[in-house]
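Visitor: Here you go, this is coords00.cif (mmCIF, N, CA and C atoms and all ligand atoms).
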data_coords
#
loop_
_atom_site.label_atom_id
_atom_site.label_comp_id
_atom_site.auth_asym_id
_atom_site.auth_seq_id
_atom_site.Cartn_x
_atom_site.Cartn_y
_atom_site.Cartn_z
N MET A 1 64.55 114.90 104.83
CA MET A 1 65.96 114.54 105.06
C MET A 1 66.84 115.64 104.44
N SER A 2 67.81 116.07 105.18
CA SER A 2 68.66 117.14 104.64
C SER A 2 69.57 116.59 103.55
N LEU A 3 70.02 117.49 102.72
CA LEU A 3 70.93 117.11 101.64
C LEU A 3 72.20 116.48 102.21
N PHE A 4 72.64 117.04 103.33
CA PHE A 4 73.88 116.54 103.95
C PHE A 4 73.73 115.07 104.34
N ALA A 5 72.62 114.74 105.01
CA ALA A 5 72.39 113.37 105.45
C ALA A 5 72.26 112.43 104.26
N ARG A 6 71.59 112.90 103.22
CA ARG A 6 71.42 112.05 102.05
C ARG A 6 72.79 111.74 101.41
N ASN A 7 73.63 112.75 101.34
CA ASN A 7 74.98 112.52 100.79
C ASN A 7 75.76 111.53 101.63
N ASP A 8 75.58 111.62 102.95
CA ASP A 8 76.26 110.68 103.84
C ASP A 8 75.81 109.25 103.56
N ILE A 9 74.52 109.08 103.40
CA ILE A 9 73.99 107.73 103.16
C ILE A 9 74.48 107.22 101.81
N LEU A 10 74.46 108.08 100.79
CA LEU A 10 74.95 107.68 99.48
C LEU A 10 76.41 107.27 99.55
N SER A 11 77.17 108.03 100.31
CA SER A 11 78.59 107.74 100.43
C SER A 11 78.82 106.41 101.16
N ILE A 12 78.01 106.14 102.18
CA ILE A 12 78.13 104.86 102.90
C ILE A 12 77.75 103.70 101.96
N LEU A 13 76.66 103.89 101.20
CA LEU A 13 76.24 102.84 100.27
C LEU A 13 77.30 102.57 99.21
N LEU A 14 77.91 103.65 98.72
CA LEU A 14 78.95 103.50 97.70
C LEU A 14 80.14 102.74 98.27
N THR A 15 80.54 103.10 99.48
CA THR A 15 81.67 102.42 100.12
C THR A 15 81.37 100.93 100.30
N LEU A 16 80.14 100.64 100.74
CA LEU A 16 79.71 99.26 100.95
C LEU A 16 79.76 98.49 99.63
N PHE A 17 79.25 99.14 98.58
CA PHE A 17 79.21 98.53 97.25
C PHE A 17 80.63 98.22 96.77
N LEU A 18 81.54 99.19 96.90
CA LEU A 18 82.92 99.00 96.45
C LEU A 18 83.59 97.89 97.24
N THR A 19 83.32 97.83 98.55
CA THR A 19 83.93 96.80 99.40
C THR A 19 83.45 95.41 98.99
N ILE A 20 82.13 95.30 98.73
CA ILE A 20 81.57 94.00 98.34
C ILE A 20 82.14 93.57 96.98
N CYS A 21 82.23 94.52 96.04
CA CYS A 21 82.77 94.19 94.72
C CYS A 21 84.22 93.74 94.81
N ASP A 22 85.02 94.43 95.61
CA ASP A 22 86.42 94.06 95.77
C ASP A 22 86.54 92.67 96.37
N ALA A 23 85.71 92.37 97.36
CA ALA A 23 85.75 91.06 97.99
C ALA A 23 85.34 89.99 96.99
N ALA A 24 84.37 90.32 96.11
CA ALA A 24 83.88 89.35 95.16
C ALA A 24 84.91 89.04 94.07
N THR A 25 85.64 90.06 93.62
CA THR A 25 86.60 89.81 92.55
C THR A 25 87.87 89.19 93.08
N ASN A 26 88.34 89.61 94.26
CA ASN A 26 89.45 88.97 94.95
C ASN A 26 90.70 88.78 94.10
N ALA A 27 91.08 89.79 93.33
CA ALA A 27 92.29 89.70 92.53
C ALA A 27 93.51 89.78 93.43
N LYS A 28 94.50 88.94 93.15
CA LYS A 28 95.71 88.91 93.97
C LYS A 28 96.92 89.37 93.17
N MET A 29 97.83 90.03 93.85
CA MET A 29 99.09 90.42 93.24
C MET A 29 100.22 89.83 94.08
N HIS A 30 101.32 89.49 93.40
CA HIS A 30 102.51 88.99 94.09
C HIS A 30 103.65 89.99 93.92
N VAL A 31 104.27 90.36 95.00
CA VAL A 31 105.49 91.16 94.93
C VAL A 31 106.59 90.33 95.58
N ASN A 32 107.53 89.92 94.75
CA ASN A 32 108.59 89.01 95.17
C ASN A 32 109.88 89.82 95.42
N ILE A 33 110.24 89.96 96.67
CA ILE A 33 111.40 90.80 97.00
C ILE A 33 112.57 89.93 97.42
N THR A 34 113.67 90.05 96.67
CA THR A 34 114.88 89.28 96.95
C THR A 34 115.88 90.15 97.71
N SER A 35 116.48 89.55 98.73
CA SER A 35 117.52 90.24 99.50
C SER A 35 118.86 90.04 98.81
N ASP A 36 119.44 91.14 98.36
CA ASP A 36 120.70 91.08 97.59
C ASP A 36 121.71 92.06 98.19
N LEU A 37 121.82 92.02 99.51
CA LEU A 37 122.69 92.98 100.20
C LEU A 37 124.12 92.45 100.26
N SER A 38 124.77 92.44 99.08
CA SER A 38 126.17 92.00 99.04
C SER A 38 127.05 93.24 98.96
N GLY A 39 128.30 93.06 98.58
CA GLY A 39 129.23 94.19 98.52
C GLY A 39 129.67 94.47 99.94
N GLY A 40 130.68 93.75 100.40
CA GLY A 40 130.98 93.70 101.83
C GLY A 40 130.38 92.41 102.35
N ALA A 41 130.37 92.24 103.64
CA ALA A 41 129.80 91.01 104.20
C ALA A 41 128.30 90.98 103.86
N PRO A 42 127.82 89.86 103.24
CA PRO A 42 126.39 89.78 102.95
C PRO A 42 125.57 89.85 104.23
N ILE A 43 124.54 90.64 104.23
CA ILE A 43 123.71 90.77 105.43
C ILE A 43 122.25 90.49 105.11
N ASP A 44 121.50 90.16 106.16
CA ASP A 44 120.08 89.91 106.00
C ASP A 44 119.35 91.24 105.82
N LEU A 45 118.20 91.15 105.20
CA LEU A 45 117.39 92.34 104.96
C LEU A 45 116.25 92.42 105.97
N ASN A 46 116.18 93.52 106.68
CA ASN A 46 115.02 93.79 107.55
C ASN A 46 114.05 94.63 106.75
N ILE A 47 112.85 94.11 106.62
CA ILE A 47 111.90 94.83 105.78
C ILE A 47 110.50 94.76 106.39
N HIS A 48 109.78 95.84 106.22
CA HIS A 48 108.41 95.93 106.74
C HIS A 48 107.53 96.50 105.64
N CYS A 49 106.61 95.68 105.13
CA CYS A 49 105.75 96.11 104.03
C CYS A 49 104.29 96.07 104.44
N LYS A 50 103.54 97.00 103.88
CA LYS A 50 102.10 96.97 104.13
C LYS A 50 101.32 97.62 102.99
N THR A 51 100.11 97.11 102.79
CA THR A 51 99.16 97.78 101.91
C THR A 51 98.21 98.55 102.82
N GLN A 52 97.23 99.22 102.23
CA GLN A 52 96.25 99.94 103.04
C GLN A 52 95.46 98.95 103.91
N LYS A 53 95.34 97.68 103.43
CA LYS A 53 94.48 96.73 104.13
C LYS A 53 95.25 95.67 104.90
N HIS A 54 96.51 95.45 104.56
CA HIS A 54 97.22 94.36 105.21
C HIS A 54 98.65 94.77 105.58
N ASP A 55 99.00 94.50 106.85
CA ASP A 55 100.35 94.78 107.33
C ASP A 55 101.09 93.45 107.46
N PHE A 56 102.18 93.30 106.70
CA PHE A 56 102.93 92.03 106.74
C PHE A 56 103.84 91.94 107.95
N GLY A 57 103.98 93.05 108.68
CA GLY A 57 104.83 93.05 109.86
C GLY A 57 106.31 93.08 109.49
N GLY A 58 107.17 93.18 110.49
CA GLY A 58 108.61 93.22 110.24
C GLY A 58 109.11 91.83 109.87
N LEU A 59 109.87 91.73 108.77
CA LEU A 59 110.38 90.43 108.32
C LEU A 59 111.88 90.51 108.13
N VAL A 60 112.54 89.37 108.29
CA VAL A 60 113.97 89.28 107.99
C VAL A 60 114.12 88.34 106.81
N ILE A 61 114.64 88.85 105.70
CA ILE A 61 114.88 88.01 104.52
C ILE A 61 116.38 87.76 104.45
N PRO A 62 116.81 86.51 104.63
CA PRO A 62 118.25 86.22 104.59
C PRO A 62 118.84 86.55 103.22
N TYR A 63 120.09 86.89 103.21
CA TYR A 63 120.78 87.22 101.97
C TYR A 63 120.56 86.10 100.93
N GLY A 64 120.18 86.45 99.72
CA GLY A 64 119.98 85.48 98.65
C GLY A 64 118.59 84.86 98.63
N SER A 65 117.79 85.10 99.66
CA SER A 65 116.43 84.55 99.69
C SER A 65 115.42 85.61 99.26
N TYR A 66 114.19 85.18 99.14
CA TYR A 66 113.16 86.13 98.77
C TYR A 66 111.91 85.89 99.59
N PHE A 67 111.04 86.87 99.58
CA PHE A 67 109.73 86.72 100.21
C PHE A 67 108.68 87.15 99.20
N ASP A 68 107.62 86.37 99.14
CA ASP A 68 106.54 86.60 98.20
C ASP A 68 105.39 87.29 98.94
N PHE A 69 105.27 88.59 98.76
CA PHE A 69 104.18 89.35 99.40
C PHE A 69 102.93 89.20 98.52
N VAL A 70 101.91 88.59 99.04
CA VAL A 70 100.67 88.38 98.28
C VAL A 70 99.57 89.23 98.90
N PHE A 71 98.89 89.99 98.09
CA PHE A 71 97.84 90.86 98.63
C PHE A 71 96.72 91.04 97.61
N SER A 72 95.59 91.46 98.09
CA SER A 72 94.42 91.67 97.23
C SER A 72 94.47 93.05 96.60
N LEU A 73 93.97 93.13 95.39
CA LEU A 73 93.90 94.41 94.70
C LEU A 73 92.50 94.98 94.81
N SER A 74 92.45 96.28 94.80
CA SER A 74 91.17 96.96 94.75
C SER A 74 90.83 97.19 93.28
N ILE A 75 89.89 96.38 92.76
CA ILE A 75 89.60 96.43 91.32
C ILE A 75 88.88 97.72 90.93
N LEU A 76 87.93 98.13 91.74
CA LEU A 76 87.15 99.31 91.35
C LEU A 76 87.86 100.61 91.71
N ARG A 77 88.43 100.67 92.91
CA ARG A 77 89.09 101.92 93.29
C ARG A 77 90.45 102.06 92.63
N ARG A 78 91.08 100.93 92.32
CA ARG A 78 92.40 100.92 91.69
C ARG A 78 93.39 101.81 92.44
N ASN A 79 93.47 101.65 93.74
CA ASN A 79 94.36 102.53 94.51
C ASN A 79 95.29 101.75 95.45
N THR A 80 95.46 100.45 95.21
CA THR A 80 96.28 99.65 96.13
C THR A 80 97.75 100.00 96.00
N ILE A 81 98.37 100.17 97.16
CA ILE A 81 99.79 100.49 97.22
C ILE A 81 100.46 99.54 98.20
N LEU A 82 101.61 98.97 97.83
CA LEU A 82 102.42 98.20 98.77
C LEU A 82 103.65 99.05 99.06
N GLU A 83 103.75 99.47 100.32
CA GLU A 83 104.83 100.36 100.71
C GLU A 83 105.73 99.62 101.70
N CYS A 84 107.04 99.75 101.53
CA CYS A 84 107.97 99.01 102.38
C CYS A 84 109.01 99.94 102.99
N ASP A 85 109.40 99.61 104.22
CA ASP A 85 110.58 100.20 104.82
C ASP A 85 111.65 99.12 104.82
N ALA A 86 112.75 99.39 104.13
CA ALA A 86 113.84 98.41 104.02
C ALA A 86 115.07 98.99 104.72
N GLU A 87 115.67 98.19 105.59
CA GLU A 87 116.83 98.69 106.33
C GLU A 87 118.12 98.14 105.76
N CYS A 88 119.02 99.03 105.38
CA CYS A 88 120.33 98.64 104.88
C CYS A 88 121.36 99.41 105.69
N ASP A 89 122.25 98.68 106.31
CA ASP A 89 123.34 99.29 107.08
C ASP A 89 122.83 100.37 108.05
N GLY A 90 121.75 100.06 108.72
CA GLY A 90 121.24 100.97 109.76
C GLY A 90 120.41 102.13 109.25
N VAL A 91 120.26 102.23 107.92
CA VAL A 91 119.44 103.31 107.38
C VAL A 91 118.14 102.72 106.83
N VAL A 92 117.02 103.32 107.18
CA VAL A 92 115.74 102.82 106.70
C VAL A 92 115.32 103.59 105.45
N HIS A 93 115.08 102.84 104.39
CA HIS A 93 114.66 103.45 103.13
C HIS A 93 113.21 103.10 102.86
N ASN A 94 112.48 104.06 102.34
CA ASN A 94 111.09 103.82 102.00
C ASN A 94 110.97 103.50 100.51
N LEU A 95 110.18 102.49 100.22
CA LEU A 95 110.06 102.02 98.84
C LEU A 95 108.60 101.71 98.53
N VAL A 96 108.10 102.25 97.42
CA VAL A 96 106.77 101.86 96.97
C VAL A 96 106.97 100.70 96.00
N ALA A 97 106.70 99.48 96.46
CA ALA A 97 106.99 98.29 95.64
C ALA A 97 105.83 97.94 94.72
N TYR A 98 104.67 98.51 95.01
CA TYR A 98 103.54 98.31 94.11
C TYR A 98 102.62 99.51 94.21
N ASN A 99 102.27 100.06 93.07
CA ASN A 99 101.29 101.15 93.03
C ASN A 99 100.38 100.89 91.84
N GLN A 100 99.17 100.53 92.15
CA GLN A 100 98.21 100.15 91.11
C GLN A 100 98.02 101.25 90.07
N ARG A 101 98.27 102.49 90.47
CA ARG A 101 98.07 103.61 89.54
C ARG A 101 99.35 104.06 88.85
N SER A 102 100.46 103.36 89.11
CA SER A 102 101.72 103.75 88.48
C SER A 102 101.63 103.58 86.97
N SER A 103 102.22 104.52 86.23
CA SER A 103 102.15 104.45 84.77
C SER A 103 103.02 103.31 84.23
N ILE A 104 103.95 102.80 85.04
CA ILE A 104 104.82 101.74 84.54
C ILE A 104 104.47 100.38 85.16
N ILE A 105 103.24 100.28 85.67
CA ILE A 105 102.89 99.07 86.40
C ILE A 105 102.94 97.81 85.51
N ASP A 106 102.60 97.94 84.23
CA ASP A 106 102.62 96.77 83.35
C ASP A 106 104.04 96.35 82.99
N ILE A 107 104.97 97.28 83.12
CA ILE A 107 106.38 96.95 82.87
C ILE A 107 106.98 96.25 84.09
N VAL A 108 106.56 96.71 85.26
CA VAL A 108 107.10 96.16 86.51
C VAL A 108 106.41 94.86 86.89
N CYS A 109 105.11 94.81 86.71
CA CYS A 109 104.31 93.68 87.19
C CYS A 109 103.55 93.06 86.03
N LYS A 110 104.06 91.95 85.54
CA LYS A 110 103.36 91.25 84.47
C LYS A 110 102.96 89.89 85.00
N TYR A 111 101.91 89.34 84.47
CA TYR A 111 101.44 88.01 84.89
C TYR A 111 101.21 87.95 86.39
N GLY A 112 100.81 89.08 86.99
CA GLY A 112 100.47 89.08 88.41
C GLY A 112 101.63 88.98 89.35
N ILE A 113 102.85 89.21 88.86
CA ILE A 113 104.01 89.16 89.76
C ILE A 113 104.98 90.30 89.45
N CYS A 114 105.51 90.90 90.51
CA CYS A 114 106.51 91.96 90.38
C CYS A 114 107.77 91.46 91.09
N LEU A 115 108.89 91.49 90.38
CA LEU A 115 110.15 91.00 90.96
C LEU A 115 111.02 92.18 91.37
N TRP A 116 111.43 92.17 92.63
CA TRP A 116 112.28 93.23 93.14
C TRP A 116 113.53 92.64 93.77
N LYS A 117 114.60 93.42 93.72
CA LYS A 117 115.81 93.09 94.45
C LYS A 117 116.19 94.29 95.29
N ILE A 118 116.52 94.04 96.55
CA ILE A 118 116.99 95.13 97.40
C ILE A 118 118.49 95.00 97.54
N ARG A 119 119.19 96.04 97.16
CA ARG A 119 120.66 96.06 97.25
C ARG A 119 121.09 97.10 98.25
N ARG A 120 122.39 97.07 98.57
CA ARG A 120 122.92 98.07 99.51
C ARG A 120 122.81 99.47 98.93
N ASP A 121 123.06 99.58 97.62
CA ASP A 121 123.12 100.92 97.02
C ASP A 121 121.79 101.36 96.41
N GLY A 122 120.79 100.49 96.42
CA GLY A 122 119.52 100.88 95.85
C GLY A 122 118.60 99.69 95.64
N TYR A 123 117.56 99.90 94.87
CA TYR A 123 116.60 98.83 94.65
C TYR A 123 116.42 98.63 93.14
N CYS A 124 116.00 97.43 92.77
CA CYS A 124 115.85 97.09 91.36
C CYS A 124 114.52 96.39 91.14
N TYR A 125 113.89 96.67 90.03
CA TYR A 125 112.71 95.89 89.64
C TYR A 125 112.99 95.25 88.29
N PHE A 126 112.36 94.12 88.07
CA PHE A 126 112.54 93.45 86.78
C PHE A 126 111.67 94.12 85.74
N ASN A 127 112.32 94.64 84.69
CA ASN A 127 111.63 95.31 83.60
C ASN A 127 111.20 94.24 82.59
N ASN A 128 109.90 94.00 82.51
CA ASN A 128 109.39 92.92 81.67
C ASN A 128 109.47 93.22 80.18
N VAL A 129 109.75 94.46 79.80
CA VAL A 129 109.92 94.79 78.39
C VAL A 129 111.37 94.56 77.99
N ARG A 130 112.30 95.07 78.80
CA ARG A 130 113.72 94.91 78.47
C ARG A 130 114.26 93.57 78.95
N ARG A 131 113.49 92.85 79.77
CA ARG A 131 113.87 91.55 80.31
C ARG A 131 115.15 91.63 81.12
N GLU A 132 115.32 92.69 81.85
CA GLU A 132 116.45 92.77 82.79
C GLU A 132 116.09 93.71 83.93
N TYR A 133 116.90 93.71 84.97
CA TYR A 133 116.60 94.54 86.12
C TYR A 133 116.98 96.00 85.87
N ASP A 134 116.10 96.89 86.27
CA ASP A 134 116.38 98.33 86.28
C ASP A 134 116.61 98.72 87.73
N CYS A 135 117.72 99.37 87.99
CA CYS A 135 118.06 99.72 89.37
C CYS A 135 118.04 101.23 89.57
N THR A 136 117.67 101.63 90.76
CA THR A 136 117.63 103.05 91.14
C THR A 136 118.35 103.18 92.47
N PRO A 137 119.22 104.18 92.59
CA PRO A 137 119.88 104.38 93.89
C PRO A 137 118.83 104.78 94.94
N TRP A 138 119.13 104.50 96.20
CA TRP A 138 118.23 104.93 97.26
C TRP A 138 118.03 106.43 97.17
N HIS A 139 116.92 106.87 97.63
CA HIS A 139 116.41 108.25 97.65
C HIS A 139 115.47 108.51 96.50
N GLY A 140 115.52 107.70 95.41
CA GLY A 140 114.54 107.86 94.33
C GLY A 140 113.29 107.08 94.67
N ARG A 141 112.25 107.29 93.92
CA ARG A 141 110.99 106.57 94.07
C ARG A 141 110.43 106.29 92.70
N ILE A 142 109.60 105.22 92.57
CA ILE A 142 108.94 105.04 91.27
C ILE A 142 107.61 105.77 91.31
C1 LIG B 201 111.04 85.13 93.39
O1 LIG B 201 112.23 85.61 92.82
C2 LIG B 201 113.30 84.69 92.96
C3 LIG B 201 114.56 85.39 92.47
O2 LIG B 201 114.39 85.95 91.21
C4 LIG B 201 112.97 83.44 92.17
O3 LIG B 201 114.01 82.51 92.31
C5 LIG B 201 111.68 82.83 92.72
O4 LIG B 201 111.31 81.74 91.94
C6 LIG B 201 110.57 83.86 92.73
N1 LIG B 201 109.45 83.32 93.45
C7 LIG B 201 108.23 83.36 92.99
C8 LIG B 201 107.16 82.81 93.88
O5 LIG B 201 107.97 83.81 91.91
#
Write out the structure in this file as structure tokens.
Guide:
Amino acid sequence: MSLFARNDILSILLTLFLTICDAATNAKMHVNITSDLSGGAPIDLNIHCKTQKHDFGGLVIPYGSYFDFVFSLSILRRNTILECDAECDGVVHNLVAYNQRSSIIDIVCKYGICLWKIRRDGYCYFNNVRREYDCTPWHGRI
């Protein structure tokens, strides 16, 4: 057997192993996104979020309401990302609402839940250390 083929088989076995382990541990994360598009006439939030494994599809969150995005984490690979396109006043903004490898993940997401607010001028996450929302104008990323 050539070295190349052996590496392929090892890589397939590793992928299979990681997939089975992830399915077995089945850790869940909650990202709770509140629509806070005030300042002018309050409007609904059009948002589309997806992880590498699950697409939540396009959703409309009415002003003042929230949606709880629940998804599985990859325990061994630790690479799960929840990425969202949020539309405010006709402009689509991209937001990484969850990144398992982010250095501030324990500040943003404690007890398995991350609280976000989407505003007209930017987005906010609940800082679990300072116990208040930290906001960033659109165009920034965490
Ligand atoms: C989501 O956040 C909203 C607003 O902060 C809160 O009222 C609600 O209880 C949260 N929902 C969950 C499931 O944590």
Visitor: When DSSP works through the backbone of this structure, what residues of region 78-131 of chain A end up as alpha helix (DSSP H), shown as a list of chain:residue names?
Guide: A:Ile105, A:Asp106, A:Ile107, A:Val108
Visitor: One decimal, in Å: what's the spacing between atom C of Tyr123 (chain A) and atom C of Thr136 (chain A)?
Guide: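 Interatomic distance, atom C of Tyr123 (chain A) to atom C of Thr136 (chain A): 5.0 Å.
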Visitor: Centre and edge lengths of an axis-aligned box around all listed atoms of ligand LIG 201 (chain B), with 3 Å added on each side, are to be given in Å to one decimal, as JSON.
Guide:
{"center_x": 110.9, "center_y": 83.8, "center_z": 92.5, "size_x": 13.4, "size_y": 10.2, "size_z": 8.7}
Visitor: Figure out the distance between CA of Asp44 (chain A) and CA of Gly122 (chain A), please, to one decimal in Å.
Guide: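 A separation of 15.0 Å between them.
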Visitor: Each residue of chain A with at least one atom at most 8 Å from ligand LIG 201 (chain B) should appear once, together with its nearest atom pair and the corresponding distance in Å (one decimal); atoms considered: only N, CA and C atoms and all ligand atoms; ordering: chain, then increasing residue number; output as CSV.
Guide:
residue,atom,partner,partner_atom,distance
A:His30,CA,B:LIG201,C8,7.7
A:Val31,C,B:LIG201,C1,7.2
A:Asn32,CA,B:LIG201,C1,4.9
A:Ile33,N,B:LIG201,C1,5.9
A:Thr34,CA,B:LIG201,C3,5.9
A:Ser35,N,B:LIG201,C3,7.8
A:Gly64,C,B:LIG201,C3,7.4
A:Ser65,C,B:LIG201,C2,6.7
A:Tyr66,CA,B:LIG201,C1,5.9
A:Phe67,N,B:LIG201,C1,6.4
A:Asp68,CA,B:LIG201,C8,5.8
A:Phe69,N,B:LIG201,C8,7.8
A:Ile113,CA,B:LIG201,O5,7.0
A:Cys114,C,B:LIG201,C1,7.5
A:Leu115,CA,B:LIG201,O1,6.1
A:Trp116,N,B:LIG201,O1,6.6
A:Lys117,N,B:LIG201,O2,7.9
Visitor: At a cut-off of 5 Å, using all atoms listed in the file, what residues contact region 97-109 of chain A? Leave out same-chain residues fewer than 3 positions from it and give the result as a list in words.
Guide: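 What passes the distance filter is Thr80, Ile81, Leu82, Glu83, Gly112, Ile113, Cys114, Asn127 and Asn128 of chain A.
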Visitor: What does the distance between atom N of Gly57 (chain A) and atom N of Glu87 (chain A) come to in Å, to one decimal place?
Guide: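 Atom N of Gly57 (chain A) sits 13.1 Å away from atom N of Glu87 (chain A).
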Visitor: Which residue is closest to Leu45 (chain A)? Choose from A:Cys88, A:Asp134, A:Leu10, A:Asn79 and count all atoms listed in the file.
Guide: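 Looking at the shortest contact to Leu45 (chain A), the residue is A:Cys88.
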Visitor: I'd like the contact shell of region 89-93 of chain A - 7 Å cut-off, all atoms listed in the file, skipping same-chain residues fewer than 3 positions apart - returned as a ChimeraX atom specification.
Guide: /A:84-86,120,139
Visitor: Which residues are near Lys28 (chain A)? Cut-off 5 Å, only N, CA and C atoms, ignore same chain within fewer than 2 positions. Put them as a PyMOL selection string.
Guide: chain A and resi 26+30+71-73
Visitor: Looking at A:Asn94, A:Lys110, A:Phe126, A:Ala27, which one is nearest to Trp138 (chain A), with distances taken over all atoms listed in the file?
Guide: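 Distance minimum relative to Trp138 (chain A) lands on A:Asn94.
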Visitor: Please provide the set of residues having any atom within 8 Å of Phe56 (chain A), restricted to all atoms listed in the file, with same-chain residues fewer than 5 positions apart removed, written as a ChimeraX atom specification.
Guide: /A:47-51,69
Visitor: Kindly extract all protein, DNA and RNA residues lying within 8 Å of the coordinates (128.1, 94.3, 96.0) given in the file, considering all atoms listed in the file, and supply them as a PyMOL selection string.
Guide: chain A and resi 36-40+119-121
